[in-house]
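File shown here: final_36.txt, holding compact mmCIF, C-alpha atoms.
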# COMPACT_ATOMS: atom_id res chain seq x y z
CA MET F 1 148.35 146.85 90.37
CA ALA F 2 145.35 145.27 92.02
CA GLU F 3 145.75 141.81 93.43
CA VAL F 4 143.09 139.35 94.54
CA GLN F 5 144.13 136.91 97.21
CA GLY F 6 142.46 133.78 98.48
CA VAL F 7 140.99 132.57 95.18
CA ALA F 8 142.56 129.16 95.53
CA ARG F 9 141.16 128.87 99.05
CA LEU F 10 137.70 129.94 97.87
CA LEU F 11 137.73 127.36 95.09
CA GLN F 12 138.73 124.73 97.62
CA VAL F 13 135.75 125.68 99.81
CA PHE F 14 133.44 125.33 96.82
CA GLU F 15 134.93 121.97 95.97
CA ASN F 16 134.50 120.72 99.52
CA GLN F 17 130.87 121.79 99.54
CA ARG F 18 130.26 120.12 96.21
CA LYS F 19 131.59 116.86 97.54
CA GLN F 20 129.71 117.10 100.79
CA LYS F 21 126.69 114.84 101.26
CA PRO F 22 124.20 117.07 103.05
CA LYS F 23 121.94 114.34 104.38
CA GLU F 24 120.31 116.74 106.76
CA LEU F 25 119.25 118.90 103.87
CA LEU F 26 117.82 115.88 102.07
CA ALA F 27 115.71 115.15 105.12
CA LYS F 28 114.54 118.76 105.28
CA LEU F 29 113.59 118.79 101.62
CA THR F 30 111.66 115.56 102.03
CA ALA F 31 109.81 117.02 105.00
CA ALA F 32 109.03 120.17 103.01
CA GLY F 33 107.72 118.10 100.13
CA HIS F 34 105.42 116.17 102.43
CA VAL F 35 104.04 119.40 103.90
CA ILE F 36 102.99 120.42 100.40
CA LEU F 37 101.69 116.96 99.54
CA ASP F 38 99.59 116.76 102.69
CA LYS F 39 97.95 120.08 101.88
CA ALA F 40 97.51 119.16 98.21
CA ASN F 41 95.85 115.89 99.23
CA TYR F 42 93.31 117.97 101.11
CA TYR F 43 92.39 119.89 97.96
CA VAL F 44 92.81 117.26 95.25
CA PRO F 45 89.49 116.06 93.77
CA LYS F 46 88.61 112.61 95.08
CA ASP F 47 86.00 111.19 92.70
CA THR F 48 87.86 107.89 92.45
CA ARG F 49 90.76 108.76 94.80
CA ALA F 50 93.13 107.51 92.09
CA LEU F 51 94.62 110.96 91.73
CA MET F 52 95.17 111.34 95.45
CA LYS F 53 96.82 107.94 95.64
CA SER F 54 99.22 108.94 92.88
CA GLY F 55 100.58 111.86 94.91
CA ARG F 56 104.19 111.38 95.86
CA VAL F 57 107.35 113.12 97.03
CA THR F 58 110.64 112.25 95.40
CA VAL F 59 114.03 113.61 96.31
CA SER F 60 116.99 113.42 93.99
CA ASP F 61 120.50 114.15 95.10
CA THR F 62 122.83 114.94 92.25
CA THR F 63 125.01 117.33 94.17
CA VAL F 64 128.10 115.37 93.23
CA LEU F 65 127.27 115.74 89.55
CA ASN F 66 125.98 119.28 89.28
CA GLY F 67 125.55 120.69 92.75
CA LYS F 68 121.79 120.31 92.49
CA MET F 69 119.38 118.82 94.96
CA GLU F 70 115.72 118.55 94.13
CA VAL F 71 112.47 117.54 95.72
CA LYS F 72 109.38 116.98 93.60
CA VAL F 73 105.75 116.77 94.60
CA GLU F 74 103.97 115.01 91.78
CA TYR F 75 100.59 113.68 90.80
CA GLY F 76 99.70 111.41 87.90
CA GLY F 77 102.13 109.91 85.46
CA ASP F 78 102.92 106.21 85.26
CA MET F 79 101.72 104.42 88.37
CA SER F 80 102.83 100.80 88.13
CA GLY F 81 101.72 100.48 84.53
CA VAL F 82 98.56 102.53 84.91
CA VAL F 83 99.04 105.94 83.34
CA LEU F 84 97.08 108.75 84.96
CA ASP F 85 97.29 111.27 82.16
CA TYR F 86 94.33 113.43 83.11
CA VAL F 87 95.85 115.25 86.04
CA ILE F 88 96.56 118.33 83.96
CA PHE F 89 92.89 118.62 82.94
CA VAL F 90 91.76 118.36 86.54
CA HIS F 91 94.36 120.85 87.67
CA GLU F 92 93.85 123.45 84.96
CA ASP F 93 90.12 123.33 84.19
CA LEU F 94 88.80 126.12 86.40
CA GLU F 95 85.19 125.63 85.33
CA ALA F 96 84.80 122.01 86.37
CA TYR F 97 82.83 121.57 89.58
CA HIS F 98 84.54 119.90 92.52
CA ALA F 99 82.91 119.35 95.88
CA PRO F 100 84.50 121.76 98.39
CA PRO F 101 87.14 121.86 99.69
CA THR F 102 88.52 120.01 96.65
CA CYS F 103 89.31 122.25 93.70
CA ALA F 104 91.27 122.80 90.53
CA LYS F 105 94.79 124.20 90.96
CA PHE F 106 95.07 121.98 94.02
CA LEU F 107 98.85 121.78 93.88
CA THR F 108 99.34 125.46 93.16
CA ARG F 109 97.07 126.31 96.05
CA ALA F 110 98.84 123.90 98.38
CA TYR F 111 102.20 125.34 97.44
CA ARG F 112 101.00 128.89 98.01
CA GLU F 113 99.43 128.09 101.36
CA THR F 114 102.43 126.19 102.69
CA LYS F 115 105.14 128.39 101.26
CA MET F 116 105.99 130.03 104.57
CA GLU F 117 106.16 126.70 106.36
CA VAL F 118 108.25 125.20 103.58
CA SER F 119 110.55 128.17 103.63
CA LYS F 120 110.99 127.82 107.38
CA ILE F 121 111.84 124.15 107.05
CA ILE F 122 114.40 124.75 104.34
CA ARG F 123 115.92 128.03 105.38
CA GLY F 124 116.12 126.99 108.98
CA ASN F 125 118.90 124.76 107.79
CA LYS F 126 122.32 126.33 107.71
CA ILE F 127 123.34 124.00 104.92
CA ALA F 128 120.40 125.23 102.88
CA ASP F 129 121.47 128.80 103.47
CA ARG F 130 124.93 127.95 102.26
CA PHE F 131 123.54 126.46 99.09
CA GLY F 132 121.36 129.54 98.48
CA MET F 133 118.16 127.57 98.05
CA LEU F 134 115.62 128.82 95.58
CA THR F 135 112.13 127.51 95.13
CA LYS F 136 110.21 127.25 91.91
CA PHE F 137 107.03 125.74 90.63
CA SER F 138 106.86 124.07 87.29
CA GLN F 139 104.65 121.72 85.35
CA SER F 140 104.63 119.47 82.35
CA SER F 141 101.86 117.89 80.35
CA SER F 142 101.75 114.73 82.42
CA TYR F 143 102.47 115.79 85.96
CA TYR F 144 102.87 118.67 88.33
CA GLU F 145 105.81 119.20 90.51
CA PHE F 146 107.20 121.49 93.10
CA ALA F 147 110.94 121.72 92.95
CA THR F 148 113.44 123.41 95.16
CA MET W 1 84.18 150.71 90.05
CA ILE W 2 86.91 148.16 90.65
CA HIS W 3 87.57 145.77 87.79
CA SER W 4 88.82 142.24 88.25
CA PRO W 5 92.36 141.39 87.17
CA SER W 6 90.84 139.22 84.43
CA ARG W 7 88.91 142.15 83.01
CA ILE W 8 91.98 144.37 83.12
CA MET W 9 94.03 141.74 81.33
CA GLY W 10 91.29 141.41 78.71
CA GLN W 11 91.45 145.14 78.06
CA LEU W 12 95.23 144.92 77.77
CA LEU W 13 95.05 142.17 75.14
CA PHE W 14 92.51 144.26 73.24
CA ASP W 15 94.75 147.32 73.42
CA LYS W 16 97.66 145.24 72.16
CA GLY W 17 95.60 144.10 69.19
CA VAL W 18 95.63 140.38 69.95
CA ALA W 19 92.05 140.04 71.17
CA SER W 20 88.59 141.43 70.55
CA LEU W 21 85.96 142.73 72.92
CA THR W 22 83.13 142.46 70.40
CA ALA W 23 80.65 139.68 71.12
CA GLY W 24 80.55 137.12 68.35
CA ALA W 25 83.86 138.12 66.80
CA ASN W 26 86.87 135.86 66.58
CA TRP W 27 89.25 135.89 69.56
CA THR W 28 86.78 137.66 71.81
CA VAL W 29 87.85 137.83 75.44
CA THR W 30 85.51 136.49 78.10
CA VAL W 31 86.13 136.96 81.80
CA ASN W 32 86.15 133.98 84.15
CA ASN W 33 84.06 132.02 81.67
CA MET W 34 84.58 130.09 78.43
CA PRO W 35 81.26 129.94 76.55
CA PRO W 36 80.85 126.57 74.85
CA ASP W 37 79.15 127.99 71.76
CA ALA W 38 80.56 129.45 68.55
CA PRO W 39 82.77 131.04 67.50
CA ASP W 40 85.45 128.48 68.16
CA ARG W 41 88.15 131.12 68.47
CA ARG W 42 87.87 132.50 71.96
CA ILE W 43 90.09 133.68 74.78
CA ALA W 44 89.04 133.20 78.40
CA ILE W 45 90.87 134.90 81.23
CA TYR W 46 90.51 133.65 84.79
CA THR W 47 91.68 135.11 88.08
CA THR W 48 93.31 132.38 90.12
CA PHE W 49 95.22 132.19 93.40
CA SER W 50 97.24 135.26 94.25
CA ARG W 51 100.82 135.44 95.39
CA THR W 52 101.46 137.73 98.36
CA ASP W 53 104.64 139.71 98.55
CA GLY W 54 104.97 141.42 101.91
CA SER W 55 103.40 144.74 102.82
CA ILE W 56 104.13 148.45 102.70
CA MET W 57 105.31 149.58 106.13
CA ASP W 58 103.72 153.04 105.94
CA THR W 59 100.23 152.00 104.91
CA GLY W 60 100.08 148.36 105.92
CA GLN W 61 98.86 147.53 102.45
CA THR W 62 99.61 143.95 101.47
CA ILE W 63 101.17 143.57 98.06
CA THR W 64 99.43 140.85 96.09
CA HIS W 65 100.02 139.56 92.61
CA PRO W 66 96.79 138.03 91.30
CA GLY W 67 97.17 134.73 89.51
CA ILE W 68 96.04 134.79 85.91
CA GLN W 69 95.14 131.90 83.65
CA ILE W 70 94.61 132.63 79.96
CA VAL W 71 92.89 129.90 77.97
CA VAL W 72 93.12 130.15 74.19
CA ARG W 73 90.59 128.07 72.28
CA GLY W 74 90.65 127.66 68.53
CA ALA W 75 89.54 125.35 65.77
CA SER W 76 91.34 122.13 64.90
CA ASP W 77 94.30 123.91 63.32
CA ASP W 78 96.99 123.57 65.96
CA ALA W 79 99.34 126.07 64.35
CA GLU W 80 96.69 128.77 64.37
CA VAL W 81 95.84 128.32 68.04
CA TYR W 82 99.46 128.07 69.09
CA SER W 83 100.35 131.17 67.08
CA LYS W 84 97.64 133.11 68.86
CA ALA W 85 98.92 131.88 72.22
CA ILE W 86 102.44 132.97 71.30
CA ALA W 87 101.12 136.39 70.21
CA ILE W 88 99.39 136.75 73.56
CA GLN W 89 102.57 135.75 75.37
CA ALA W 90 104.48 138.41 73.42
CA ALA W 91 101.87 141.00 74.42
CA LEU W 92 102.26 139.98 78.05
CA ASP W 93 106.04 140.18 77.81
CA SER W 94 105.77 143.72 76.48
CA ILE W 95 104.06 144.97 79.63
CA LYS W 96 106.16 147.71 81.18
CA LYS W 97 104.23 150.29 83.16
CA THR W 98 101.51 149.92 80.58
CA SER W 99 98.40 152.01 81.09
CA VAL W 100 94.98 150.39 80.67
CA THR W 101 91.72 152.32 80.83
CA ILE W 102 88.29 150.77 81.33
CA GLY W 103 85.48 153.30 81.35
CA GLY W 104 86.84 156.06 83.55
CA ASP W 105 89.19 153.85 85.52
CA THR W 106 92.88 153.64 84.74
CA TYR W 107 95.29 150.92 85.81
CA ILE W 108 99.04 150.71 85.45
CA LEU W 109 100.25 147.22 84.61
CA LYS W 110 103.80 146.90 85.82
CA ALA W 111 104.74 143.35 84.92
CA PHE W 112 103.44 139.92 84.03
CA GLU W 113 105.40 137.03 85.46
CA THR W 114 104.83 133.96 83.34
CA THR W 115 104.98 130.73 85.30
CA ASN W 116 104.19 128.60 82.28
CA PRO W 117 104.53 129.67 78.65
CA PRO W 118 101.79 128.43 76.29
CA PHE W 119 101.23 124.72 76.66
CA PHE W 120 98.72 122.41 75.03
CA LEU W 121 95.91 121.35 77.34
CA LYS W 122 93.48 119.29 75.29
CA GLN W 123 91.51 118.75 72.11
CA GLU W 124 87.78 118.25 72.35
CA GLU W 125 86.58 114.88 71.08
CA LEU W 126 83.39 116.14 69.47
CA ASN W 127 84.41 119.22 67.51
CA LEU W 128 88.19 118.95 67.73
CA ARG W 129 88.69 122.42 69.20
CA ARG W 130 92.13 122.84 70.69
CA PHE W 131 93.08 124.58 73.94
CA TYR W 132 96.30 126.24 75.00
CA ILE W 133 96.96 127.74 78.42
CA ILE W 134 99.22 130.46 79.80
CA ASN W 135 99.66 130.84 83.56
CA GLY W 136 101.23 133.71 85.43
CA TYR W 137 100.97 136.55 87.91
CA ILE W 138 100.19 140.19 87.24
CA THR W 139 101.48 143.21 89.09
CA TYR W 140 99.34 146.29 88.68
CA ALA W 141 98.04 149.34 90.48
CA GLU W 142 94.92 151.45 90.15
CA VAL W 143 95.53 155.10 89.35
CA ASN W 144 93.46 157.36 91.55
Show this structure as structure tokens.
Amino acid sequence: MAEVQGVARLLQVFENQRKQKPKELLAKLTAAGHVILDKANYYVPKDTRALMKSGRVTVSDTTVLNGKMEVKVEYGGDMSGVVLDYVIFVHEDLEAYHAPPTCAKFLTRAYRETKMEVSKIIRGNKIADRFGMLTKFSQSSSYYEFAT
Amino acid sequence: MIHSPSRIMGQLLFDKGVASLTAGANWTVTVNNMPPDAPDRRIAIYTTFSRTDGSIMDTGQTITHPGIQIVVRGASDDAEVYSKAIAIQAALDSIKKTSVTIGGDTYILKAFETTNPPFFLKQEELNLRRFYIINGYITYAEVN
């Protein structure tokens, strides 16, 4: 009969990690988000600069709830009562002219160009390795975000 | 001749029966351009930023996955435009070592990685045409 030992110990390790507050990782994620934002601010169209000013990095730590930690790089949305709802048009319209180096797909481009640096920041962290960090890029109708 | 990823994708959608390559017909594919004139029902395919994926040690060739944006434009009927976008998405999902031939050149499309399924972009104020967009990356190789 096969027997697996150490399951209780393994579960305890998982539980300890879930409860842990990895502040260092939060700092790394914030730094990674700002690397992307800085690059995106270079490419974002600046006709009125409203879009650039709406760029932000937010980090949410819900590791206690679901083991998830997330950093978002966003543009547009509700900015103190002023809703910038046109970011998706600027980002996705590939035929609109923007004075170089600004361009459409500014956040996608920034993410692509900084991916190695972001990866270094995150994966250089042993805590991040332990959490098996994955990166993804997603979007909604009102804002763009990079999440990890 | 080397064809752009947009052109190859256009041929694929034609082969799959979800797009036309005949000028003036409905759901005609245009490459890196969305003509503003009629017909309303058009599909524009753009090549966007590529994703690199390491290199082959033997040859040094860098593996790249060209970014693709597919814009579906239709009349004011949202259901019609969305249905077309969904049909295109289904065609993209069915890619599996799919062969595409343009003139005498053959390409093998290995996969399409969708980063965003069809989403509504906008409706024009003047003529109410509606736009849906699909974003993703294509993996393909030219057959020598």
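Going from atom CA of Ile36 of chain F over to atom CA of Phe119 of chain W, you cover 24.2 Å.
Proximity to chain F at a cut-off of 8 Å picks out Asn33, Tyr46, Phe49, Arg51, Thr115, Asn116, Phe119, Phe120, Leu121 and Lys122 of chain W on chain W, counting only C-alpha atoms.
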Note to self: Excluding Ala91 of chain W and its own-chain neighbours fewer than 4 positions away, which residues fall within 8 Å of it when counting all atoms listed in the file? Please give them as a ChimeraX atom specification.
What the structure shows: /W:13,16,18,87,95
Checklist line | Contact residues around Ile43 of chain W with only C-alpha atoms at 8 Å, ignoring same-chain residues under 2 positions, as a ChimeraX atom specification | finding: /W:19,27-30,34,41,45,70-73
List the spatial neighbours of segment 116-118 of chain F as a compact mmCIF listing (two decimals) with C-alpha atoms, in the frame of the given file - criterion: any atom at most 7 Å away, only C-alpha atoms, same-chain residues fewer than 3 positions off excluded.
# COMPACT_ATOMS: atom_id res chain seq x y z
CA ALA F 32 109.03 120.17 103.01
CA ILE F 121 111.84 124.15 107.05
CA ILE F 122 114.40 124.75 104.34
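With distances taken over all atoms listed in the file, F:Pro45 is the one residue among F:Gly6, F:Gly33, F:Pro45, F:Gly124 lying closest to Pro100 of chain F.
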Check: So how many Å separate atom CA of Arg42 of chain W and atom CA of Gly76 of chain F, to one decimal?
Finding: 29.0 Å
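Atom CA of Tyr43 of chain F sits 24.1 Å away from atom CA of Tyr132 of chain W.
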List as a tab-separated table (two decimals) with C-alpha atoms, in the coordinates of the input the protein and nucleic acid residues near Glu113 of chain W, meaning an atom at most 9 Å away when all atoms listed in the file are counted, but skip any in the same chain fewer than 2 places from it.
chain	number	residue	atom	x	y	z
W	92	LEU	CA	102.26	139.98	78.05
W	93	ASP	CA	106.04	140.18	77.81
W	111	ALA	CA	104.74	143.35	84.92
W	115	THR	CA	104.98	130.73	85.30
W	135	ASN	CA	99.66	130.84	83.56
W	136	GLY	CA	101.23	133.71	85.43
W	137	TYR	CA	100.97	136.55	87.91
W	138	ILE	CA	100.19	140.19	87.24
W	139	THR	CA	101.48	143.21	89.09
Item checked: Residue nearest Lys68 of chain F - candidates F:Cys103, F:Val35, F:Leu26, F:Ala50, atoms counted: all atoms listed in the file -> F:Leu26
Next item on the list: Find, counting all atoms listed in the file, the residue in W:Ala44, W:Val81, W:Ile68, W:Ile56 that gets nearest to Phe112 of chain W.
Entry: W:Ile68
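Using only C-alpha atoms, the shortest contact distance between Gly77 of chain F and any of F:Lys23, F:His98, F:Lys115, F:Lys53 is found at F:Lys53.
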Next item on the list: Write out as number ranges by chain each polymer residue whose atoms come within 12 Å of segment 140-143 of chain W, counting all atoms listed in the file; drop sequence neighbours fewer than 6 positions from it.
Entry: W: 1-6, 8-9, 12, 63-67, 95-102, 104-113
